[in-house]
$ cat model_27.tsv   # TSV, N, CA and C atoms and all ligand atoms
chain	number	residue	atom	x	y	z
A	1	MET	N	-53.66	31.71	-64.62
A	1	MET	CA	-53.61	30.33	-65.11
A	1	MET	C	-54.91	29.63	-64.70
A	2	SER	N	-55.53	28.97	-65.63
A	2	SER	CA	-56.78	28.29	-65.30
A	2	SER	C	-56.49	26.95	-64.65
A	3	ALA	N	-57.51	26.37	-64.06
A	3	ALA	CA	-57.33	25.09	-63.35
A	3	ALA	C	-56.96	23.98	-64.32
A	4	SER	N	-57.31	24.12	-65.59
A	4	SER	CA	-57.02	23.07	-66.56
A	4	SER	C	-55.61	23.17	-67.15
A	5	THR	N	-54.91	24.26	-66.84
A	5	THR	CA	-53.55	24.40	-67.35
A	5	THR	C	-52.62	23.48	-66.57
A	6	PRO	N	-51.92	22.59	-67.26
A	6	PRO	CA	-51.03	21.68	-66.53
A	6	PRO	C	-49.88	22.43	-65.89
A	7	VAL	N	-49.46	21.96	-64.76
A	7	VAL	CA	-48.30	22.55	-64.09
A	7	VAL	C	-47.06	21.83	-64.58
A	8	TRP	N	-46.15	22.60	-65.13
A	8	TRP	CA	-44.96	22.04	-65.73
A	8	TRP	C	-43.78	22.22	-64.77
A	9	VAL	N	-43.02	21.16	-64.56
A	9	VAL	CA	-41.81	21.27	-63.75
A	9	VAL	C	-40.62	21.00	-64.67
A	10	PHE	N	-39.81	22.04	-64.88
A	10	PHE	CA	-38.65	21.92	-65.76
A	10	PHE	C	-37.50	21.21	-65.06
A	11	GLN	N	-36.64	20.58	-65.86
A	11	GLN	CA	-35.36	20.14	-65.34
A	11	GLN	C	-34.56	21.41	-65.01
A	12	ASP	N	-33.59	21.26	-64.14
A	12	ASP	CA	-32.77	22.42	-63.79
A	12	ASP	C	-31.96	22.88	-65.00
A	13	PRO	N	-31.97	24.18	-65.30
A	13	PRO	CA	-31.19	24.66	-66.44
A	13	PRO	C	-29.69	24.57	-66.17
A	14	LEU	N	-28.93	24.37	-67.23
A	14	LEU	CA	-27.47	24.36	-67.10
A	14	LEU	C	-26.99	25.80	-66.97
A	15	GLN	N	-26.21	26.04	-65.94
A	15	GLN	CA	-25.71	27.39	-65.70
A	15	GLN	C	-24.20	27.41	-65.89
A	16	ASN	N	-23.72	28.53	-66.44
A	16	ASN	CA	-22.28	28.72	-66.64
A	16	ASN	C	-21.98	30.21	-66.47
A	17	PRO	N	-20.71	30.60	-66.49
A	17	PRO	CA	-20.39	32.02	-66.26
A	17	PRO	C	-21.06	32.97	-67.26
A	18	GLU	N	-21.30	32.54	-68.49
A	18	GLU	CA	-21.92	33.42	-69.48
A	18	GLU	C	-23.40	33.65	-69.22
A	19	ASN	N	-24.08	32.69	-68.59
A	19	ASN	CA	-25.52	32.87	-68.40
A	19	ASN	C	-25.91	33.01	-66.92
A	20	GLN	N	-24.93	33.05	-66.02
A	20	GLN	CA	-25.24	33.11	-64.59
A	20	GLN	C	-26.12	34.30	-64.24
A	21	PHE	N	-25.82	35.47	-64.79
A	21	PHE	CA	-26.61	36.67	-64.48
A	21	PHE	C	-28.05	36.50	-64.97
A	22	PHE	N	-28.21	35.87	-66.13
A	22	PHE	CA	-29.55	35.62	-66.66
A	22	PHE	C	-30.39	34.84	-65.64
A	23	TRP	N	-29.77	33.79	-65.06
A	23	TRP	CA	-30.52	32.95	-64.12
A	23	TRP	C	-30.71	33.64	-62.78
A	24	THR	N	-29.75	34.46	-62.37
A	24	THR	CA	-29.91	35.23	-61.13
A	24	THR	C	-31.07	36.21	-61.27
A	25	GLN	N	-31.15	36.86	-62.43
A	25	GLN	CA	-32.25	37.78	-62.68
A	25	GLN	C	-33.58	37.04	-62.76
A	26	ALA	N	-33.56	35.85	-63.34
A	26	ALA	CA	-34.80	35.07	-63.43
A	26	ALA	C	-35.34	34.76	-62.03
A	27	GLN	N	-34.43	34.55	-61.08
A	27	GLN	CA	-34.90	34.30	-59.71
A	27	GLN	C	-35.66	35.50	-59.17
A	28	ALA	N	-35.34	36.69	-59.66
A	28	ALA	CA	-36.04	37.91	-59.27
A	28	ALA	C	-37.18	38.21	-60.25
A	29	ARG	N	-37.57	37.22	-61.06
A	29	ARG	CA	-38.65	37.35	-62.05
A	29	ARG	C	-38.36	38.46	-63.07
A	30	LYS	N	-37.10	38.55	-63.47
A	30	LYS	CA	-36.70	39.50	-64.51
A	30	LYS	C	-36.05	38.74	-65.65
A	31	LEU	N	-36.28	39.24	-66.86
A	31	LEU	CA	-35.70	38.63	-68.05
A	31	LEU	C	-34.55	39.51	-68.51
A	32	ALA	N	-33.33	38.99	-68.41
A	32	ALA	CA	-32.13	39.77	-68.75
A	32	ALA	C	-31.66	39.41	-70.15
A	33	LEU	N	-31.24	40.43	-70.90
A	33	LEU	CA	-30.70	40.24	-72.24
A	33	LEU	C	-29.32	40.87	-72.31
A	34	LYS	N	-28.46	40.29	-73.12
A	34	LYS	CA	-27.18	40.91	-73.40
A	34	LYS	C	-27.38	41.97	-74.48
A	35	HIS	N	-26.66	43.09	-74.33
A	35	HIS	CA	-26.74	44.18	-75.29
A	35	HIS	C	-25.32	44.59	-75.65
A	36	CYS	N	-25.07	44.73	-76.94
A	36	CYS	CA	-23.73	45.10	-77.41
A	36	CYS	C	-23.59	46.62	-77.43
A	37	LEU	N	-22.55	47.10	-76.79
A	37	LEU	CA	-22.31	48.55	-76.74
A	37	LEU	C	-21.63	49.04	-78.01
A	38	SER	N	-21.04	48.14	-78.79
A	38	SER	CA	-20.37	48.55	-80.03
A	38	SER	C	-21.36	48.74	-81.17
A	39	CYS	N	-22.27	47.77	-81.37
A	39	CYS	CA	-23.21	47.88	-82.50
A	39	CYS	C	-24.64	48.17	-82.03
A	40	ASP	N	-24.83	48.35	-80.73
A	40	ASP	CA	-26.12	48.76	-80.15
A	40	ASP	C	-27.23	47.77	-80.46
A	41	ALA	N	-26.92	46.47	-80.43
A	41	ALA	CA	-27.92	45.44	-80.70
A	41	ALA	C	-28.00	44.45	-79.54
A	42	PRO	N	-29.22	44.02	-79.20
A	42	PRO	CA	-29.35	42.99	-78.18
A	42	PRO	C	-29.12	41.61	-78.78
A	43	HIS	N	-28.81	40.64	-77.94
A	43	HIS	CA	-28.76	39.27	-78.42
A	43	HIS	C	-29.17	38.30	-77.31
A	44	HIS	N	-29.58	37.15	-77.74
A	44	HIS	CA	-29.94	36.07	-76.84
A	44	HIS	C	-29.70	34.77	-77.61
A	45	TYR	N	-29.07	33.77	-77.09
A	45	TYR	CA	-28.73	33.49	-75.72
A	45	TYR	C	-27.51	34.29	-75.27
A	46	PRO	N	-27.27	34.34	-73.97
A	46	PRO	CA	-26.17	35.16	-73.46
A	46	PRO	C	-24.81	34.63	-73.91
A	47	ARG	N	-23.99	35.55	-74.42
A	47	ARG	CA	-22.62	35.22	-74.84
A	47	ARG	C	-21.68	36.34	-74.43
A	48	SER	N	-20.42	36.02	-74.28
A	48	SER	CA	-19.42	37.03	-73.92
A	48	SER	C	-19.12	37.95	-75.09
A	49	TYR	N	-19.27	37.41	-76.32
A	49	TYR	CA	-18.97	38.19	-77.52
A	49	TYR	C	-20.26	38.41	-78.31
A	50	CYS	N	-20.41	39.60	-78.85
A	50	CYS	CA	-21.59	39.92	-79.64
A	50	CYS	C	-21.63	39.05	-80.91
A	51	PRO	N	-22.74	38.35	-81.18
A	51	PRO	CA	-22.81	37.54	-82.38
A	51	PRO	C	-22.97	38.36	-83.67
A	52	HIS	N	-23.26	39.66	-83.52
A	52	HIS	CA	-23.44	40.53	-84.70
A	52	HIS	C	-22.12	41.11	-85.18
A	53	CYS	N	-21.28	41.56	-84.23
A	53	CYS	CA	-20.06	42.27	-84.63
A	53	CYS	C	-18.78	41.72	-83.99
A	54	GLY	N	-18.93	40.78	-83.07
A	54	GLY	CA	-17.75	40.17	-82.47
A	54	GLY	C	-17.17	40.93	-81.29
A	55	SER	N	-17.76	42.05	-80.93
A	55	SER	CA	-17.23	42.86	-79.83
A	55	SER	C	-17.42	42.15	-78.49
A	56	ASP	N	-16.48	42.42	-77.57
A	56	ASP	CA	-16.66	41.91	-76.20
A	56	ASP	C	-17.20	43.01	-75.29
A	57	GLN	N	-17.59	44.13	-75.88
A	57	GLN	CA	-18.16	45.24	-75.10
A	57	GLN	C	-19.68	45.06	-75.01
A	58	THR	N	-20.10	44.19	-74.11
A	58	THR	CA	-21.52	43.91	-73.94
A	58	THR	C	-21.91	44.18	-72.50
A	59	GLU	N	-23.18	44.42	-72.30
A	59	GLU	CA	-23.70	44.61	-70.95
A	59	GLU	C	-25.07	43.94	-70.85
A	60	TRP	N	-25.50	43.73	-69.61
A	60	TRP	CA	-26.82	43.16	-69.36
A	60	TRP	C	-27.85	44.27	-69.27
A	61	ARG	N	-29.01	44.02	-69.84
A	61	ARG	CA	-30.15	44.93	-69.68
A	61	ARG	C	-31.37	44.08	-69.36
A	62	VAL	N	-32.28	44.64	-68.61
A	62	VAL	CA	-33.50	43.92	-68.25
A	62	VAL	C	-34.56	44.20	-69.31
A	63	SER	N	-35.10	43.14	-69.87
A	63	SER	CA	-36.14	43.25	-70.89
A	63	SER	C	-37.46	43.63	-70.25
A	64	LYS	N	-38.33	44.26	-71.04
A	64	LYS	CA	-39.69	44.51	-70.57
A	64	LYS	C	-40.49	43.21	-70.51
A	65	GLY	N	-39.97	42.17	-71.18
A	65	GLY	CA	-40.65	40.88	-71.13
A	65	GLY	C	-41.89	40.80	-71.99
A	66	LEU	N	-41.99	41.70	-72.96
A	66	LEU	CA	-43.15	41.73	-73.86
A	66	LEU	C	-42.71	41.38	-75.28
A	67	GLY	N	-43.59	40.69	-75.99
A	67	GLY	CA	-43.26	40.34	-77.36
A	67	GLY	C	-44.44	39.71	-78.06
A	68	GLU	N	-44.13	39.01	-79.16
A	68	GLU	CA	-45.19	38.34	-79.90
A	68	GLU	C	-44.71	36.97	-80.36
A	69	VAL	N	-45.68	36.10	-80.59
A	69	VAL	CA	-45.36	34.76	-81.08
A	69	VAL	C	-44.86	34.89	-82.52
A	70	TYR	N	-43.64	34.43	-82.75
A	70	TYR	CA	-43.05	34.44	-84.09
A	70	TYR	C	-43.41	33.14	-84.81
A	71	SER	N	-43.39	32.04	-84.05
A	71	SER	CA	-43.75	30.73	-84.57
A	71	SER	C	-44.03	29.82	-83.38
A	72	PHE	N	-44.79	28.77	-83.60
A	72	PHE	CA	-45.07	27.88	-82.48
A	72	PHE	C	-45.42	26.49	-83.00
A	73	THR	N	-45.35	25.51	-82.10
A	73	THR	CA	-45.78	24.16	-82.42
A	73	THR	C	-46.38	23.52	-81.19
A	74	ARG	N	-47.30	22.61	-81.44
A	74	ARG	CA	-47.93	21.86	-80.35
A	74	ARG	C	-47.19	20.54	-80.22
A	75	MET	N	-46.64	20.28	-79.05
A	75	MET	CA	-45.92	19.03	-78.79
A	75	MET	C	-46.90	18.07	-78.11
A	76	VAL	N	-47.40	17.09	-78.88
A	76	VAL	CA	-48.44	16.21	-78.33
A	76	VAL	C	-48.10	14.73	-78.45
A	77	ARG	N	-47.18	14.38	-79.35
A	77	ARG	CA	-46.86	12.97	-79.55
A	77	ARG	C	-45.57	12.62	-78.81
A	78	GLY	N	-45.60	11.48	-78.14
A	78	GLY	CA	-44.40	10.98	-77.48
A	78	GLY	C	-44.00	11.77	-76.24
A	79	VAL	N	-44.92	12.56	-75.71
A	79	VAL	CA	-44.62	13.29	-74.48
A	79	VAL	C	-45.67	12.93	-73.43
A	80	GLU	N	-45.26	12.96	-72.18
A	80	GLU	CA	-46.19	12.65	-71.10
A	80	GLU	C	-47.28	13.70	-71.00
A	81	GLN	N	-46.86	14.94	-71.22
A	81	GLN	CA	-47.77	16.06	-71.00
A	81	GLN	C	-47.67	17.01	-72.20
A	82	PRO	N	-48.71	17.13	-73.00
A	82	PRO	CA	-48.65	18.02	-74.17
A	82	PRO	C	-48.29	19.45	-73.76
A	83	PHE	N	-47.55	20.12	-74.64
A	83	PHE	CA	-47.16	21.50	-74.35
A	83	PHE	C	-46.95	22.26	-75.64
A	84	LEU	N	-46.87	23.56	-75.52
A	84	LEU	CA	-46.64	24.45	-76.66
A	84	LEU	C	-45.22	24.98	-76.60
A	85	MET	N	-44.50	24.85	-77.72
A	85	MET	CA	-43.18	25.48	-77.85
A	85	MET	C	-43.36	26.65	-78.81
A	86	ALA	N	-42.63	27.73	-78.55
A	86	ALA	CA	-42.76	28.90	-79.41
A	86	ALA	C	-41.44	29.64	-79.52
A	87	TYR	N	-41.26	30.26	-80.67
A	87	TYR	CA	-40.28	31.33	-80.76
A	87	TYR	C	-41.04	32.61	-80.48
A	88	VAL	N	-40.59	33.32	-79.46
A	88	VAL	CA	-41.17	34.62	-79.14
A	88	VAL	C	-40.17	35.69	-79.54
A	89	ARG	N	-40.66	36.65	-80.31
A	89	ARG	CA	-39.82	37.80	-80.68
A	89	ARG	C	-40.12	38.92	-79.68
A	90	LEU	N	-39.13	39.22	-78.85
A	90	LEU	CA	-39.31	40.29	-77.87
A	90	LEU	C	-39.37	41.65	-78.57
A	91	ASP	N	-39.99	42.61	-77.89
A	91	ASP	CA	-40.06	43.96	-78.45
A	91	ASP	C	-38.67	44.55	-78.66
A	92	GLU	N	-37.68	44.04	-77.90
A	92	GLU	CA	-36.30	44.51	-78.08
A	92	GLU	C	-35.68	43.97	-79.37
A	93	GLY	N	-36.33	42.97	-80.01
A	93	GLY	CA	-35.86	42.52	-81.32
A	93	GLY	C	-35.14	41.18	-81.34
A	94	VAL	N	-35.10	40.47	-80.24
A	94	VAL	CA	-34.47	39.15	-80.24
A	94	VAL	C	-35.52	38.07	-80.06
A	95	GLU	N	-35.19	36.87	-80.55
A	95	GLU	CA	-36.12	35.74	-80.43
A	95	GLU	C	-35.62	34.77	-79.36
A	96	LEU	N	-36.57	34.21	-78.64
A	96	LEU	CA	-36.27	33.18	-77.64
A	96	LEU	C	-37.09	31.95	-77.96
A	97	LEU	N	-36.46	30.78	-77.86
A	97	LEU	CA	-37.20	29.53	-77.92
A	97	LEU	C	-37.70	29.26	-76.51
A	98	THR	N	-39.01	29.07	-76.36
A	98	THR	CA	-39.59	29.07	-75.03
A	98	THR	C	-40.86	28.23	-74.99
A	99	HIS	N	-41.32	28.00	-73.81
A	99	HIS	CA	-42.64	27.40	-73.62
A	99	HIS	C	-43.68	28.50	-73.63
A	100	LEU	N	-44.83	28.17	-74.18
A	100	LEU	CA	-45.97	29.06	-74.15
A	100	LEU	C	-47.02	28.39	-73.28
A	101	GLN	N	-47.44	29.07	-72.25
A	101	GLN	CA	-48.34	28.46	-71.27
A	101	GLN	C	-49.73	29.09	-71.40
A	102	THR	N	-50.69	28.29	-71.84
A	102	THR	CA	-52.08	28.73	-71.91
A	102	THR	C	-52.97	27.50	-72.00
A	103	SER	N	-54.15	27.62	-71.46
A	103	SER	CA	-55.10	26.52	-71.58
A	103	SER	C	-55.95	26.68	-72.85
A	104	ASP	N	-55.82	27.81	-73.53
A	104	ASP	CA	-56.62	28.10	-74.71
A	104	ASP	C	-55.77	27.94	-75.97
A	105	TRP	N	-55.43	26.70	-76.28
A	105	TRP	CA	-54.56	26.44	-77.43
A	105	TRP	C	-55.13	26.96	-78.75
A	106	PRO	N	-56.46	26.84	-79.00
A	106	PRO	CA	-56.97	27.34	-80.28
A	106	PRO	C	-56.75	28.84	-80.49
A	107	ALA	N	-56.56	29.58	-79.40
A	107	ALA	CA	-56.38	31.03	-79.53
A	107	ALA	C	-54.94	31.40	-79.88
A	108	VAL	N	-54.02	30.45	-79.78
A	108	VAL	CA	-52.62	30.77	-80.05
A	108	VAL	C	-52.43	30.99	-81.55
A	109	ALA	N	-51.77	32.07	-81.90
A	109	ALA	CA	-51.56	32.40	-83.31
A	109	ALA	C	-50.26	33.18	-83.45
A	110	ILE	N	-49.68	33.09	-84.62
A	110	ILE	CA	-48.51	33.90	-84.92
A	110	ILE	C	-48.90	35.37	-84.81
A	111	GLY	N	-48.09	36.12	-84.12
A	111	GLY	CA	-48.37	37.54	-83.91
A	111	GLY	C	-49.08	37.84	-82.60
A	112	MET	N	-49.53	36.80	-81.89
A	112	MET	CA	-50.22	37.00	-80.62
A	112	MET	C	-49.28	37.66	-79.61
A	113	ARG	N	-49.77	38.66	-78.93
A	113	ARG	CA	-48.96	39.34	-77.92
A	113	ARG	C	-48.82	38.47	-76.68
A	114	VAL	N	-47.63	38.42	-76.15
A	114	VAL	CA	-47.33	37.59	-74.98
A	114	VAL	C	-46.43	38.37	-74.03
A	115	LYS	N	-46.39	37.87	-72.79
A	115	LYS	CA	-45.47	38.46	-71.81
A	115	LYS	C	-44.79	37.35	-71.04
A	116	VAL	N	-43.65	37.68	-70.48
A	116	VAL	CA	-42.88	36.67	-69.76
A	116	VAL	C	-43.56	36.34	-68.44
A	117	ASP	N	-43.41	35.10	-68.03
A	117	ASP	CA	-43.81	34.64	-66.71
A	117	ASP	C	-42.73	33.62	-66.33
A	118	PHE	N	-42.84	33.05	-65.18
A	118	PHE	CA	-41.78	32.13	-64.75
A	118	PHE	C	-42.39	30.89	-64.12
A	119	LEU	N	-41.82	29.75	-64.43
A	119	LEU	CA	-42.14	28.50	-63.75
A	119	LEU	C	-40.89	28.07	-63.00
A	120	VAL	N	-41.08	27.23	-62.01
A	120	VAL	CA	-39.97	26.82	-61.14
A	120	VAL	C	-39.47	25.45	-61.56
A	121	SER	N	-38.16	25.31	-61.65
A	121	SER	CA	-37.55	24.01	-62.00
A	121	SER	C	-37.56	23.08	-60.79
A	122	ALA	N	-37.09	21.87	-61.01
A	122	ALA	CA	-37.11	20.84	-59.96
A	122	ALA	C	-36.43	21.30	-58.68
A	123	SER	N	-35.34	22.08	-58.80
A	123	SER	CA	-34.64	22.52	-57.59
A	123	SER	C	-34.94	23.98	-57.22
A	124	GLY	N	-35.94	24.59	-57.88
A	124	GLY	CA	-36.36	25.92	-57.47
A	124	GLY	C	-35.83	27.07	-58.30
A	125	GLN	N	-35.24	26.81	-59.45
A	125	GLN	CA	-34.76	27.88	-60.33
A	125	GLN	C	-35.93	28.38	-61.18
A	126	ASN	N	-36.17	29.69	-61.16
A	126	ASN	CA	-37.18	30.25	-62.05
A	126	ASN	C	-36.73	30.11	-63.50
A	127	VAL	N	-37.64	29.64	-64.34
A	127	VAL	CA	-37.37	29.48	-65.77
A	127	VAL	C	-38.37	30.32	-66.53
A	128	PRO	N	-37.90	31.22	-67.41
A	128	PRO	CA	-38.85	32.06	-68.14
A	128	PRO	C	-39.67	31.26	-69.14
A	129	ILE	N	-40.95	31.56	-69.15
A	129	ILE	CA	-41.89	31.06	-70.14
A	129	ILE	C	-42.70	32.26	-70.61
A	130	PHE	N	-43.64	32.05	-71.53
A	130	PHE	CA	-44.47	33.17	-71.95
A	130	PHE	C	-45.94	32.80	-71.86
A	131	ILE	N	-46.76	33.81	-71.57
A	131	ILE	CA	-48.20	33.64	-71.46
A	131	ILE	C	-48.88	34.73	-72.30
A	132	PRO	N	-50.09	34.46	-72.78
A	132	PRO	CA	-50.80	35.50	-73.56
A	132	PRO	C	-51.04	36.75	-72.73
A	133	LEU	N	-51.02	37.91	-73.40
A	133	LEU	CA	-51.36	39.17	-72.71
A	133	LEU	C	-52.85	39.26	-72.47
B	201	ZN	ZN	-22.17	44.05	-81.60

$ encode --input "model_27.tsv" --output "structure tokens"
Amino acid sequence: MSASTPVWVFQDPLQNPENQFFWTQAQARKLALKHCLSCDAPHHYPRSYCPHCGSDQTEWRVSKGLGEVYSFTRMVRGVEQPFLMAYVRLDEGVELLTHLQTSDWPAVAIGMRVKVDFLVSASGQNVPIFIPL
């Protein structure tokens, strides 16, 4: 991270039984995804039932945390601190709505390779974000 990259402090994420493991893994700097054992497909956000086939036979798997920018926008109006929001498509095939952290905004493009990183929320919860590879 360059000196010009603003430091972002997130509000604490809402945690519930369906996403508790996701946040526990994030504290260990790991990105966890739900995977359906019935249709062999990953999904995100975490749910007890597979959104593809409805099965409750799901398990957690740790993502490699690598992917590409599927879409992005620059949030500059009406915010205290400009930031980049992006849909990142992980190599596992699921998309996450996330922050993209870089000081080189002109270099951001659809298809750009990114990897997960973590920023800390107000009370110390790691929150996944993405940075350029
Ligand atoms: Zn399924």

$ atom_distance --input "model_27.tsv" --atom1 "atom N of A:Tyr45" --atom2 "atom CA of A:Ala32"
10.7 Å

$ residues_near_ligand --input "model_27.tsv" --ligand "ligand ZN 201 (chain B)" --cutoff "6.5 Å" --atoms "only N, CA and C atoms and all ligand atoms" --output "count of residues only"
12

$ atom_distance --input "model_27.tsv" --atom1 "atom C of A:Ala107" --atom2 "atom C of A:Ala26"
26.7 Å

$ closest_residue --input "model_27.tsv" --among "A:Pro13, A:Pro128, A:Pro46, A:Gly65" --to "A:Glu92" --atoms "only N, CA and C atoms"
A:Gly65

$ axis_aligned_box --input "model_27.tsv" --around "stretch 48-66 of chain A" --padding-each-side "5 Å" --output "lines of an AutoDock Vina configuration file"
center_x = -29.8
center_y = 40.6
center_z = -76.7
size_x = 36.7
size_y = 19.2
size_z = 26.9
